[in-house]
Structure formats: C-alpha cells, structure tokens
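Data file: model.cif. Format and content: mmCIF, C-alpha atoms.
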```cif
data_protein
loop_
_atom_site.label_atom_id
_atom_site.label_comp_id
_atom_site.auth_asym_id
_atom_site.auth_seq_id
_atom_site.Cartn_x
_atom_site.Cartn_y
_atom_site.Cartn_z
CA MET N 1 -11.84 -48.19 9.22
CA LEU N 2 -8.19 -49.15 8.85
CA PHE N 3 -7.36 -45.54 7.94
CA TRP N 4 -8.72 -44.20 11.23
CA VAL N 5 -6.86 -46.90 13.14
CA ILE N 6 -3.65 -45.72 11.47
CA VAL N 7 -4.50 -42.10 12.39
CA LYS N 8 -5.06 -43.06 16.05
CA VAL N 9 -1.78 -44.98 16.14
CA GLY N 10 0.02 -42.00 14.61
CA ILE N 11 -1.42 -39.56 17.16
CA ARG N 12 -0.54 -41.93 20.01
CA SER N 13 3.01 -42.17 18.70
CA LEU N 14 3.37 -38.39 18.50
CA MET N 15 1.93 -37.95 22.00
CA ALA N 16 4.48 -40.44 23.34
CA ASN N 17 7.23 -37.93 22.38
CA LYS N 18 5.53 -34.58 23.05
CA LEU N 19 8.63 -32.41 23.20
CA ARG N 20 10.10 -33.87 20.00
CA SER N 21 6.76 -33.45 18.16
CA LEU N 22 6.45 -29.88 19.45
CA LEU N 23 9.94 -28.96 18.27
CA ALA N 24 9.25 -30.50 14.85
CA MET N 25 6.01 -28.51 14.68
CA LEU N 26 7.68 -25.25 15.75
CA GLY N 27 9.35 -24.67 12.37
CA ILE N 28 6.00 -24.91 10.58
CA VAL N 29 4.33 -22.64 13.17
CA ILE N 30 6.96 -19.94 12.74
CA GLY N 31 6.98 -20.32 8.95
CA VAL N 32 3.21 -20.04 8.49
CA ALA N 33 2.94 -17.16 10.98
CA ALA N 34 5.78 -15.30 9.24
CA VAL N 35 4.27 -15.77 5.77
CA ILE N 36 0.82 -14.53 6.86
CA ALA N 37 2.26 -11.56 8.79
CA MET N 38 4.65 -10.53 5.99
CA LEU N 39 1.96 -10.79 3.30
CA ALA N 40 -0.37 -8.77 5.55
CA ILE N 41 2.25 -6.03 5.90
CA GLY N 42 2.75 -5.99 2.11
CA ALA N 43 -1.01 -5.80 1.48
CA GLY N 44 -1.37 -3.05 4.10
CA ALA N 45 1.45 -1.02 2.56
CA LYS N 46 -0.16 -1.36 -0.87
CA LYS N 47 -3.53 -0.23 0.48
CA GLN N 48 -1.92 2.73 2.26
CA ILE N 49 -0.09 3.85 -0.88
CA LEU N 50 -3.25 3.68 -2.99
CA SER N 51 -5.31 5.52 -0.37
CA ARG N 52 -2.74 8.32 -0.25
CA ILE N 53 -2.82 8.69 -4.03
CA MET N 54 -6.62 8.61 -4.16
CA ALA N 55 -6.75 11.20 -1.37
CA MET N 56 -5.10 13.63 -3.79
CA GLY N 57 -7.88 13.16 -6.35
CA SER N 58 -9.11 10.48 -8.73
CA ASN N 59 -9.02 10.25 -12.55
CA LEU N 60 -6.40 12.96 -12.50
CA LEU N 61 -4.02 14.46 -15.04
CA ILE N 62 -1.47 17.03 -13.85
CA ILE N 63 0.16 19.30 -16.44
CA ARG N 64 3.34 21.05 -15.37
CA PRO N 65 5.94 23.07 -17.28
CA ALA N 66 8.91 21.08 -18.53
CA GLN N 67 12.47 21.79 -17.49
CA ASN N 68 14.77 23.93 -19.58
CA GLN N 69 17.45 21.86 -21.24
CA SER N 70 20.60 23.17 -22.87
CA ARG N 71 23.21 20.73 -24.14
CA GLY N 72 21.86 18.03 -21.83
CA VAL N 73 21.91 20.29 -18.74
CA MET N 74 18.64 20.99 -16.88
CA SER N 75 18.29 24.59 -15.68
CA GLY N 76 14.92 25.29 -14.05
CA THR N 77 11.42 25.00 -15.44
CA GLN N 78 9.99 26.74 -18.47
CA GLN N 79 7.34 29.40 -17.88
CA THR N 80 4.86 28.40 -20.56
CA LEU N 81 1.55 27.38 -18.94
CA THR N 82 -0.99 30.19 -18.79
CA VAL N 83 -4.52 30.77 -17.57
CA ALA N 84 -5.52 30.90 -21.24
CA ASP N 85 -4.25 27.32 -21.65
CA ALA N 86 -6.46 26.20 -18.78
CA GLU N 87 -9.43 28.05 -20.25
CA ALA N 88 -8.80 26.46 -23.67
CA ILE N 89 -8.83 22.98 -22.08
CA ALA N 90 -11.97 23.86 -20.09
CA ALA N 91 -13.69 24.95 -23.29
CA GLN N 92 -13.18 21.42 -24.65
CA CYS N 93 -14.50 19.62 -21.53
CA GLU N 94 -17.54 18.06 -23.15
CA LYS N 95 -15.66 17.03 -26.28
CA LEU N 96 -12.63 15.56 -24.46
CA GLY N 97 -14.54 13.90 -21.62
CA ILE N 98 -13.22 16.22 -18.91
CA LYS N 99 -15.13 16.72 -15.67
CA ALA N 100 -13.28 19.76 -14.29
CA VAL N 101 -10.16 21.88 -14.84
CA ALA N 102 -8.24 23.91 -12.23
CA PRO N 103 -5.32 26.29 -12.93
CA VAL N 104 -2.91 26.32 -9.98
CA VAL N 105 -0.12 28.50 -8.62
CA SER N 106 1.55 27.81 -5.29
CA GLY N 107 4.43 28.72 -3.07
CA GLN N 108 5.61 29.00 0.50
CA ALA N 109 4.56 31.98 2.59
CA GLN N 110 4.52 33.23 6.17
CA ILE N 111 1.03 33.33 7.69
CA LYS N 112 0.41 35.41 10.82
CA TYR N 113 -2.45 35.76 13.28
CA LEU N 114 -1.87 38.14 16.18
CA SER N 115 1.31 36.90 17.89
CA ARG N 116 1.29 33.50 16.20
CA ASN N 117 2.83 32.73 12.82
CA THR N 118 3.67 29.71 10.69
CA ARG N 119 5.30 29.09 7.33
CA THR N 120 3.19 26.92 5.08
CA SER N 121 2.13 26.23 1.51
CA VAL N 122 -0.22 28.71 -0.15
CA THR N 123 -2.21 27.53 -3.18
CA GLY N 124 -4.06 29.83 -5.55
CA SER N 125 -6.69 28.22 -7.74
CA SER N 126 -10.27 28.23 -8.88
CA LEU N 127 -13.34 26.87 -7.14
CA THR N 128 -12.90 23.54 -9.00
CA TYR N 129 -9.59 22.80 -7.25
CA LEU N 130 -11.19 21.40 -4.11
CA PRO N 131 -13.37 18.70 -5.74
CA ILE N 132 -10.60 17.79 -8.20
CA ARG N 133 -8.17 17.22 -5.32
CA ALA N 134 -10.84 15.53 -3.19
CA PHE N 135 -10.82 18.23 -0.49
CA GLU N 136 -13.86 18.71 1.71
CA VAL N 137 -14.70 21.77 3.81
CA GLU N 138 -15.36 20.66 7.39
CA THR N 139 -16.42 24.03 8.83
CA GLY N 140 -17.37 27.20 7.01
CA ARG N 141 -17.39 27.28 3.22
CA CYS N 142 -15.26 27.66 0.13
CA PHE N 143 -14.98 30.90 -1.79
CA THR N 144 -17.44 31.44 -4.64
CA ASP N 145 -16.87 32.38 -8.28
CA PRO N 146 -18.07 35.99 -7.72
CA GLU N 147 -15.62 36.31 -4.81
CA ALA N 148 -12.81 34.97 -6.98
CA ASP N 149 -13.75 37.25 -9.91
CA SER N 150 -13.89 40.32 -7.68
CA ALA N 151 -10.54 39.45 -6.05
CA ARG N 152 -11.94 39.12 -2.55
CA ARG N 153 -9.24 38.38 0.01
CA VAL N 154 -10.67 35.18 1.45
CA ALA N 155 -8.91 31.96 2.40
CA VAL N 156 -9.67 28.35 3.21
CA ILE N 157 -7.05 26.82 5.51
CA GLY N 158 -6.11 23.26 6.46
CA PRO N 159 -6.73 21.87 9.95
CA VAL N 160 -3.02 21.83 10.84
CA THR N 161 -2.66 25.47 9.80
CA ALA N 162 -5.76 26.33 11.86
CA GLN N 163 -4.28 24.52 14.88
CA ASN N 164 -0.94 26.31 14.51
CA LEU N 165 -2.54 29.76 14.26
CA PHE N 166 -5.66 29.54 16.40
CA GLY N 167 -5.15 26.61 18.75
CA PHE N 168 -8.60 25.47 19.86
CA ASN N 169 -10.30 28.76 18.97
CA ASP N 170 -12.72 29.11 16.05
CA PRO N 171 -10.82 30.52 13.03
CA LEU N 172 -13.91 31.41 10.95
CA ASN N 173 -14.25 35.10 10.00
CA GLU N 174 -10.89 35.89 11.63
CA THR N 175 -8.30 37.95 9.76
CA ILE N 176 -4.88 36.50 9.00
CA LYS N 177 -1.91 37.99 7.19
CA ILE N 178 -0.33 36.08 4.30
CA LYS N 179 2.91 37.79 3.26
CA GLY N 180 1.57 40.93 4.93
CA ILE N 181 -1.79 40.88 3.07
CA ASN N 182 -5.00 40.59 5.10
CA PHE N 183 -7.26 37.61 4.35
CA THR N 184 -10.51 36.52 5.99
CA VAL N 185 -10.72 32.85 6.93
CA ILE N 186 -14.02 31.52 5.58
CA GLY N 187 -13.46 27.76 5.85
CA VAL N 188 -11.38 24.95 7.32
CA LEU N 189 -10.64 21.80 5.33
CA LYS N 190 -11.39 18.28 6.52
CA ALA N 191 -8.23 16.44 7.60
CA LYS N 192 -6.62 14.03 5.12
CA GLY N 193 -3.44 13.08 6.93
CA ASP N 194 0.21 13.72 6.14
CA GLN N 195 1.16 12.28 2.73
CA GLY N 196 4.86 12.14 3.50
CA TRP N 197 6.19 14.36 0.73
CA PHE N 198 3.40 16.91 1.28
CA ASN N 199 0.92 17.61 4.05
CA PRO N 200 -2.43 18.69 2.54
CA ASP N 201 -3.66 19.62 6.03
CA ASP N 202 -1.04 22.35 6.35
CA GLN N 203 -1.87 24.88 3.63
CA ALA N 204 -4.02 27.85 2.70
CA ILE N 205 -6.10 28.02 -0.49
CA ILE N 206 -6.93 31.44 -1.93
CA PRO N 207 -8.48 32.67 -5.22
CA LEU N 208 -6.21 32.38 -8.26
CA SER N 209 -6.28 36.05 -9.32
CA ILE N 210 -5.08 37.29 -5.93
CA ALA N 211 -2.38 34.61 -5.73
CA MET N 212 -0.98 35.48 -9.17
CA LYS N 213 -1.17 39.28 -9.06
CA GLN N 214 -0.75 40.23 -5.41
CA MET N 215 0.77 37.25 -3.63
CA PHE N 216 3.41 35.80 -5.96
CA GLY N 217 3.51 38.25 -8.87
CA LEU N 218 3.29 35.51 -11.51
CA ASP N 219 2.06 35.50 -15.09
CA TYR N 220 2.37 31.75 -15.51
CA LEU N 221 0.87 28.73 -13.81
CA ARG N 222 2.65 26.12 -11.73
CA GLU N 223 0.29 23.40 -12.98
CA ILE N 224 -3.09 22.64 -14.52
CA ASP N 225 -5.13 19.92 -12.84
CA ILE N 226 -7.60 17.98 -14.99
CA GLN N 227 -10.19 15.52 -13.69
CA ALA N 228 -11.54 13.10 -16.29
CA GLN N 229 -15.11 11.91 -16.39
CA ASP N 230 -15.83 8.44 -15.01
CA GLY N 231 -15.01 5.79 -17.58
CA LYS N 232 -12.71 8.05 -19.61
CA ASP N 233 -9.39 6.44 -20.54
CA LEU N 234 -6.70 8.67 -19.02
CA SER N 235 -4.14 7.58 -21.61
CA VAL N 236 -6.44 8.71 -24.44
CA LEU N 237 -7.21 11.97 -22.64
CA GLU N 238 -3.51 12.58 -22.08
CA GLY N 239 -2.85 12.30 -25.84
CA GLU N 240 -5.71 14.67 -26.65
CA VAL N 241 -4.56 17.26 -24.11
CA ARG N 242 -0.97 17.02 -25.37
CA ALA N 243 -2.15 17.63 -28.92
CA LEU N 244 -4.24 20.64 -27.85
CA LEU N 245 -1.42 22.30 -25.88
CA LYS N 246 1.18 21.61 -28.56
CA LYS N 247 -1.08 23.32 -31.06
CA ARG N 248 -1.54 26.31 -28.74
CA HIS N 249 2.20 26.53 -28.07
CA ARG N 250 2.97 26.11 -31.78
CA ILE N 251 5.05 22.99 -31.28
CA PRO N 252 5.21 20.42 -34.11
CA GLU N 253 3.64 17.03 -33.41
CA THR N 254 7.08 15.41 -33.42
CA GLY N 255 8.66 18.24 -31.43
CA THR N 256 9.57 18.20 -27.74
CA ALA N 257 6.79 19.65 -25.61
CA ASP N 258 7.49 22.53 -23.22
CA PHE N 259 5.24 20.86 -20.66
CA GLU N 260 4.86 17.41 -19.11
CA VAL N 261 1.73 15.46 -18.24
CA ARG N 262 1.55 13.19 -15.21
CA ASN N 263 -1.04 10.47 -15.51
CA GLN N 264 -2.43 9.29 -12.18
CA ALA N 265 -3.37 5.89 -13.64
CA ASP N 266 0.27 5.29 -14.65
CA ARG N 267 1.46 6.31 -11.20
CA ILE N 268 -1.03 3.98 -9.51
CA ARG N 269 0.08 1.14 -11.80
CA GLU N 270 3.77 1.74 -11.04
CA LEU N 271 3.24 1.92 -7.28
CA THR N 272 0.97 -1.14 -7.35
CA ASP N 273 3.65 -3.12 -9.18
CA THR N 274 6.25 -1.93 -6.68
CA ALA N 275 4.03 -2.89 -3.74
CA ARG N 276 3.35 -6.31 -5.31
CA THR N 277 7.08 -6.92 -5.73
CA PHE N 278 7.61 -5.85 -2.12
CA THR N 279 4.90 -8.29 -0.99
CA PHE N 280 6.39 -11.17 -2.97
CA LEU N 281 9.81 -10.38 -1.52
CA LEU N 282 8.49 -10.47 2.05
CA GLY N 283 6.51 -13.65 1.37
CA GLY N 284 9.53 -15.31 -0.24
CA ILE N 285 11.78 -14.51 2.68
CA ALA N 286 9.19 -15.80 5.15
CA SER N 287 8.68 -18.97 3.07
CA ILE N 288 12.28 -19.94 3.73
CA SER N 289 11.33 -20.61 7.36
CA LEU N 290 8.63 -23.01 6.09
CA LEU N 291 11.29 -24.85 4.11
CA VAL N 292 13.49 -25.06 7.21
CA GLY N 293 10.48 -26.34 9.17
CA GLY N 294 9.92 -29.03 6.55
CA ILE N 295 13.55 -30.15 6.84
CA GLY N 296 13.05 -30.34 10.59
CA ILE N 297 10.04 -32.61 10.12
CA MET N 298 12.02 -34.90 7.82
CA ASN N 299 14.84 -35.08 10.35
CA ILE N 300 12.48 -35.96 13.21
CA MET N 301 10.63 -38.54 11.11
CA LEU N 302 13.90 -40.23 10.10
CA VAL N 303 14.86 -40.47 13.77
CA THR N 304 11.40 -41.86 14.55
CA VAL N 305 11.70 -44.50 11.83
CA THR N 306 15.07 -45.60 13.21
CA GLU N 307 13.76 -45.80 16.77
CA ARG N 308 10.71 -47.81 15.71
CA THR N 309 12.51 -50.25 13.42
CA ARG N 310 11.63 -53.24 15.60
CA GLU N 311 7.98 -52.09 15.80
CA ILE N 312 7.88 -51.90 12.00
CA GLY N 313 9.27 -55.43 11.76
CA VAL N 314 6.63 -56.79 14.19
CA ARG N 315 3.81 -55.15 12.25
CA MET N 316 5.03 -56.54 8.97
CA ALA N 317 5.43 -59.98 10.54
CA ILE N 318 1.79 -60.08 11.66
CA GLY N 319 0.46 -59.01 8.26
CA ALA N 320 0.82 -55.24 7.84
CA LYS N 321 1.42 -54.25 4.23
CA ARG N 322 4.16 -51.91 3.13
CA SER N 323 1.49 -49.40 2.07
CA ASN N 324 0.12 -49.43 5.64
CA ILE N 325 3.55 -48.63 7.08
CA ARG N 326 4.09 -45.89 4.50
CA THR N 327 0.65 -44.39 5.19
CA GLN N 328 1.21 -44.41 8.96
CA PHE N 329 4.43 -42.39 8.87
CA LEU N 330 3.11 -40.10 6.15
CA ILE N 331 0.01 -39.35 8.28
CA GLU N 332 2.21 -38.59 11.29
CA SER N 333 4.17 -36.10 9.21
CA MET N 334 0.94 -34.49 7.93
CA ILE N 335 -0.45 -34.25 11.47
CA ILE N 336 2.65 -32.36 12.58
CA SER N 337 2.52 -29.97 9.62
CA GLY N 338 -1.28 -29.60 9.79
CA LEU N 339 -1.36 -28.70 13.47
CA GLY N 340 1.63 -26.44 12.95
CA GLY N 341 -0.19 -24.74 10.09
CA LEU N 342 -3.31 -24.10 12.19
CA ILE N 343 -1.33 -22.75 15.14
CA GLY N 344 0.83 -20.67 12.80
CA THR N 345 -2.26 -19.25 11.08
CA THR N 346 -3.71 -18.14 14.41
CA LEU N 347 -0.39 -16.63 15.46
CA GLY N 348 0.09 -14.92 12.06
CA VAL N 349 -3.38 -13.34 12.05
CA ALA N 350 -2.91 -12.18 15.66
CA THR N 351 0.47 -10.66 14.75
CA ALA N 352 -1.02 -8.88 11.73
CA ARG N 353 -3.81 -7.43 13.84
CA LEU N 354 -1.30 -6.28 16.45
CA ILE N 355 0.77 -4.55 13.75
CA ASP N 356 -2.38 -2.91 12.35
CA TRP N 357 -3.33 -1.67 15.82
CA LEU N 358 0.18 -0.28 16.38
CA SER N 359 0.05 1.52 13.01
CA ARG N 360 -3.13 3.31 14.10
CA GLU N 361 -2.22 4.02 17.72
CA HIS N 362 1.56 4.53 17.34
CA PRO N 363 2.27 5.41 13.67
CA THR N 364 5.84 6.52 14.41
CA LEU N 365 6.61 3.11 15.92
CA CYS N 366 4.90 1.17 13.13
CA PRO N 367 4.36 3.23 9.94
CA PHE N 368 2.75 0.47 7.86
CA PRO N 369 -0.68 -1.03 8.56
CA ALA N 370 -1.39 -4.72 8.02
CA SER N 371 -4.28 -6.19 6.06
CA VAL N 372 -4.84 -9.94 6.17
CA ASP N 373 -5.93 -11.38 2.84
CA PRO N 374 -7.93 -14.65 3.18
CA SER N 375 -6.08 -16.00 0.16
CA SER N 376 -2.77 -15.66 2.04
CA ILE N 377 -4.19 -17.84 4.85
CA LEU N 378 -5.31 -20.51 2.39
CA LEU N 379 -1.95 -20.33 0.62
CA SER N 380 0.00 -20.73 3.85
CA VAL N 381 -2.09 -23.65 5.14
CA ALA N 382 -1.93 -25.38 1.75
CA PHE N 383 1.81 -24.87 1.59
CA SER N 384 2.27 -26.28 5.09
CA ALA N 385 0.27 -29.39 4.07
CA ILE N 386 2.45 -29.78 0.97
CA VAL N 387 5.55 -29.46 3.16
CA GLY N 388 4.22 -32.25 5.39
CA VAL N 389 3.64 -34.57 2.43
CA PHE N 390 6.86 -33.69 0.64
CA PHE N 391 9.21 -34.00 3.59
CA GLY N 392 7.32 -36.93 5.12
CA TRP N 393 7.41 -39.02 1.94
CA TYR N 394 11.05 -40.10 2.13
CA PRO N 395 10.97 -41.24 5.79
CA SER N 396 7.69 -43.12 5.19
CA ARG N 397 9.09 -44.74 2.04
CA ARG N 398 12.24 -45.73 3.93
CA ALA N 399 10.13 -47.30 6.71
CA ALA N 400 8.02 -49.24 4.19
CA ALA N 401 11.12 -50.53 2.38
CA MET N 402 12.55 -52.27 5.45
CA ASP N 403 13.17 -56.01 5.40
CA PRO N 404 10.92 -57.51 8.15
CA VAL N 405 13.57 -60.03 9.20
CA GLU N 406 16.29 -57.40 9.53
CA ALA N 407 13.86 -55.08 11.30
CA LEU N 408 13.05 -57.77 13.90
CA ARG N 409 16.78 -58.29 14.55
CA TYR N 410 17.30 -54.54 15.17
CA GLU N 411 18.13 -53.63 18.76
#
```
As structure tokens, the full file:
Amino acid sequence: MLFWVIVKVGIRSLMANKLRSLLAMLGIVIGVAAVIAMLAIGAGAKKQILSRIMAMGSNLLIIRPAQNQSRGVMSGTQQTLTVADAEAIAAQCEKLGIKAVAPVVSGQAQIKYLSRNTRTSVTGSSLTYLPIRAFEVETGRCFTDPEADSARRVAVIGPVTAQNLFGFNDPLNETIKIKGINFTVIGVLKAKGDQGWFNPDDQAIIPLSIAMKQMFGLDYLREIDIQAQDGKDLSVLEGEVRALLKKRHRIPETGTADFEVRNQADRIRELTDTARTFTFLLGGIASISLLVGGIGIMNIMLVTVTERTREIGVRMAIGAKRSNIRTQFLIESMIISGLGGLIGTTLGVATARLIDWLSREHPTLCPFPASVDPSSILLSVAFSAIVGVFFGWYPSRRAAAMDPVEALRYE
C-alpha cells in the first residue's frame, strides 16, 4: 500500500512541473526512437542484401577462369573452362550431390526490333540455367533441349528488354536482331528487380551453341554454374569440384588452379557479417542519445531534490524512512524514463514504417527498407528502464542522505 502511495506522490510531483518533466523525458524519447529506427534500417538492409543474393540462385557455386599472372602482374583471364569441363561435372552429379550444371557464355550486344534498339547483356547457356539462377518465365516458354541441340535461333528476354524494344506490345513470336542475327522471341522472364551491379531484367538468354559459335565466336566458357542438392555442404562440394577440374586440367594438387570457385554460402556469410556490423554501428550511435537522455534525467532529478529539500526534511521529521525517500525519487526517475521509452517506441516503430513505405514507393529517395525486429523494441525499452534506474540512483541516494534538521532549515 505504501508503495502505491509513493507512486501517486511521484506522479503528482512530476505533474506539478509538466514542462520540466517533458524536457527530461524528451532525451529518452529521442534515444529510444533513434535506436529502434536505426536497428530497423540495419535489419532491412540485411534482408535486402540476402534477398538480392538469393534472387540470383540458391546453393550456388560459380566457376570462372582465373586471371593470368606474370611476375605479380594480372593481365586478363585465362581461357581454360570448356563445355567438356561442364559435361564432366554433370556426369558426376549423383556422386557429388549436384542438382544441376549450366555452362555459360555472355557478353554485350545490340538488339534491334524494327526502328527500336537497345544494348544489353546476352547470355548463352543450357536449359538448366534458368532454374539454377532462379529465373521464371512469365509469358511464353523457355527453349527446349531439342531446340538447343539443333541450334534454333530462339531467345528468352527480360521484362526491361521487352519494354525497351516492344513497349506495351506483345513480344512473343516476334523477330529481333541480336548482332545482326535473327532470333524469335519465345518467352519473357518474370521481373526480379535491379541488383545494382547487374540488372537481370535487362538481358536476353539464347542457346549455348548459337552463342558460342555464331554470336561471340568463343571456344571457352565465361563460367560454369553449379547448383548443389539441398543439404549438401557447399564447402565440401567446392573441394570436390576443385579436385575434379585440377585433374582434368592436369594441375598438381598443390599447384595454382587456372580457375576460381565462388561459394555463395561464403558470400552470404561475409555480407551478413558486414550487415550485422553496420547494424551494431547504427545502434551504437543511436544509443548515445539514450545516454544523453539519462544525463538529462539525472540533472533534472538533482534540481528537483534541491528544490524539495524542505519537503524531504518535513517527511523525515514525521516518520518517513530514508528508504522511503530514496524509493520516491527513484520511482519518479523510472516514471520519466518508462513513459519516455513507451513514447519513443511508438515514434521509432512509426518512423521505421515510414522509411519502409518510402523505400517501396520512392526507392531513389530511400534505397533501404526498414524491418522492425521485436527484440530491438524489447532491448530499447529495457535499456531505457536501466537508464532511469542508473541515473536516478544518485539523486535519490543524495535525497535520502540529507540531515532532517538541516533540511528543515533550508530556504
């Protein structure tokens, strides 16, 4: 019962100085709102990075030719990867735990349709390239193995390429020219969104044989994409593929490979660690405002103790214990920080949702989405409560340590 009386007295005291209490609370409000908003931006950036990587395919190994090196100087890439290498890997699919393999060549080319033209990326690969890279055909279809084997001039284009060439007209079964060679559009890919360094929606995919012999005149591959089976350890698969290709290229086990393998799992881990560091950095910067808010509470509480010195003396004179005085001022400090934490949480969540909305509606204005993690809310509220206790302890202890006689003499 005494506890609730102390709480009521504390609230009445804070209400007697509304502006002062509000200003003391403002630091906590801003601090909590900033922490929640900054952590939400960090979590949203992490989610966006992972979604972009996963949009390019999951459980993925990418094999590319290594760079030539002479006396420490890099001079272009080695031309060592062949279709036979891809076929050798595909022959070991069941043994190595591989789901699919796709040999790839690519380059930039001018694509023309009637009076319209655009320069975009042209990829030559097998039928397995689309599922490995998580592409879906929205309208039409993909080319078949018989069409690829017979070197049919067919193409599947991205939605941006279709928009650039055909506008709002249907591109299916229309003839386009890629580097002067006629191709029939048989499908349009489902949009993925610009990935920053590469736009998968702005490209044309054609059969591998035509791309190598007629389009680019290549005998070697740009890369070999490998999709592992679910549950397969990519690090183990990477070692097995390295051993297989070294054997085919007659490179000793301890020798330097003429190719390099990019492990998607390692890339995800690196980017996740980077995003986590970024989130901690944002949260740490925002937490400084909480610390400043706590100092503000201590300052206000010290002023309050000084102003109420005579009141403290009267209470002690009529029987109040030092613990009662200490509890009263500590509760007042916790009320300020608690209310500030609740208001700051509401403001922080609202700010995060506004940022998320801006990222969807105006991506150029706000490139990063925001994702509120419930744990960040609990962390911020808990931290604000700790701030109230920590910075309210000294003023409450100072109030409780007063000499009643001296307090009664205070004017």
Residues at most 12 Å from N:Ala401, counting only C-alpha atoms, excluding those fewer than 6 positions away in the same chain, as an mmCIF file with C-alpha atoms, in the coordinates of the input?
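Result file out-v2.cif:
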```
data_model
loop_
_atom_site.group_PDB
_atom_site.id
_atom_site.type_symbol
_atom_site.label_atom_id
_atom_site.label_comp_id
_atom_site.auth_asym_id
_atom_site.auth_seq_id
_atom_site.Cartn_x
_atom_site.Cartn_y
_atom_site.Cartn_z
ATOM 1 C CA VAL N 305 11.700 -44.500 11.830
ATOM 2 C CA THR N 309 12.510 -50.250 13.420
ATOM 3 C CA ILE N 312 7.880 -51.900 12.000
ATOM 4 C CA GLY N 313 9.270 -55.430 11.760
ATOM 5 C CA MET N 316 5.030 -56.540 8.970
ATOM 6 C CA LYS N 321 1.420 -54.250 4.230
ATOM 7 C CA ARG N 322 4.160 -51.910 3.130
ATOM 8 C CA SER N 323 1.490 -49.400 2.070
ATOM 9 C CA ASN N 324 0.120 -49.430 5.640
ATOM 10 C CA ILE N 325 3.550 -48.630 7.080
ATOM 11 C CA ARG N 326 4.090 -45.890 4.500
ATOM 12 C CA TYR N 394 11.050 -40.100 2.130
ATOM 13 C CA PRO N 395 10.970 -41.240 5.790
ATOM 14 C CA ALA N 407 13.860 -55.080 11.300
#
```
Task: Matched chain/residue IDs from the PyMOL selection byres ((chain N and resi 135-143) around 7), as a PyMOL selection string - done: chain N and resi 127+130-131+133-134+144-145+147-148+154+156+172+186-190
Task: Among listed residues N:Gln48, N:Ser396, N:Gln108, N:Thr345, nearest N:Glu332 (using all atoms listed in the file) - done: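 So, comparing all the options, the nearest one is N:Ser396.
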Task: Between atom CA of N:Leu26 and atom CA of N:Leu281, distance in Å (one decimal) - done: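 Taking atom CA of N:Leu26 and atom CA of N:Leu281, their separation equals 22.9 Å.
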Open item on the list: Between N:Ile63, N:Ala109, N:Leu379, N:Met301, which residue has the minimum interatomic distance to N:Val122, considering all atoms listed in the file?
Closed with: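 Distance minimum relative to N:Val122 lands on N:Ala109.
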Open item on the list: With all atoms listed in the file as the counted atoms, please give the residues lying no more than 10 Å from N:Ile49, apart from itself and same-chain residues fewer than 2 positions off, as a list in words.
Closed with: Ala43, Gly44, Ala45, Lys46, Lys47, Ser51, Arg52, Ile53, Met54, Ala55, Gln195, Ile268, Leu271, Thr272, Ala275 and Phe368 of chain N
Same residues, C-alpha atoms, saved as a tab-separated table (two decimals), in the coordinates of the input:
```
chain	number	residue	atom	x	y	z
N	43	ALA	CA	-1.01	-5.80	1.48
N	44	GLY	CA	-1.37	-3.05	4.10
N	45	ALA	CA	1.45	-1.02	2.56
N	46	LYS	CA	-0.16	-1.36	-0.87
N	47	LYS	CA	-3.53	-0.23	0.48
N	51	SER	CA	-5.31	5.52	-0.37
N	52	ARG	CA	-2.74	8.32	-0.25
N	53	ILE	CA	-2.82	8.69	-4.03
N	54	MET	CA	-6.62	8.61	-4.16
N	55	ALA	CA	-6.75	11.20	-1.37
N	195	GLN	CA	1.16	12.28	2.73
N	268	ILE	CA	-1.03	3.98	-9.51
N	271	LEU	CA	3.24	1.92	-7.28
N	272	THR	CA	0.97	-1.14	-7.35
N	275	ALA	CA	4.03	-2.89	-3.74
N	368	PHE	CA	2.75	0.47	7.86
```
Open item on the list: For the PyMOL selection byres ((chain N and resi 263) around 12), applied here, can you spell out every residue it catches as JSON, numbers by chain?
Closed with: {"N": [53, 57, 58, 59, 60, 61, 62, 63, 64, 225, 226, 227, 228, 233, 234, 235, 236, 237, 238, 239, 241, 242, 260, 261, 262, 264, 265, 266, 267, 268, 269, 270]}
- [ ] Evaluate the PyMOL selection byres ((chain N and resi 119) around 6) on the structure here and hand back the selected residues as a PyMOL selection string.
- [x] chain N and resi 109-110+118+120
TODO: May I have the protein, DNA and RNA residues with an atom at most 8 Å from (5.2, -19.0, 4.5), counting all atoms listed in the file in the file's coordinates, returned as JSON, numbers by chain?
DONE: {"N": [31, 32, 33, 34, 35, 36, 283, 284, 286, 287, 288, 289, 290, 380, 383, 384]}
TODO: For each of N:Ala350, N:Met15, N:Ala24, N:Ile224, take the minimum atom-to-atom distance to N:Gly293, counting all atoms listed in the file, then give the residue where this is smallest.
DONE: N:Ala24
Task: Near-stretch 81-89 of chain N list (8 Å; all atoms listed in the file; drop same-chain fewer than 6 positions) as number ranges by chain - done: N: 64-65, 101-103, 219-224, 241, 244-245, 248, 259
Open item on the list: Given the point (-1.6, -29.9, 13.8) in the coordinates of this file, which residues lie within 10 Å, counting only C-alpha atoms, and how would they look as a list in words?
Closed with: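 Residues lying no farther than 10 Å from the given point: Leu22, Met25, Ile28, Val29, Glu332, Ser333, Met334, Ile335, Ile336, Ser337, Gly338, Leu339, Gly340, Gly341, Leu342, Ile343, Gly344 and Ala385 of chain N.
Distances here use all atoms listed in the file; by that measure, the residue among N:Glu174, N:Val105, N:Gly158, N:Gly193 closest to N:Met215 is N:Val105.
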TODO: Would you mind telling me which residue in N:Gln163, N:Gln79, N:Ser150, N:Thr364 lies nearest to N:Asn117 when using all atoms listed in the file?
DONE: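 Residue with the minimum atom-to-atom distance to N:Asn117: N:Gln163.
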Open item on the list: As an exercise, work out the distance from atom CA of N:Lys18 to atom CA of N:Val349 in Å and give it to one decimal place.
Closed with: 25.5 Å
Task: Gap from atom CA of N:Thr279 to atom CA of N:Met38 - Å, one decimal - done: 7.3 Å
Task: Residue with smallest distance to N:Ile176 - pool N:Ser115, N:Phe198, N:Lys213, N:Thr277, counting all atoms listed in the file - done: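 Closest candidate: N:Ser115.
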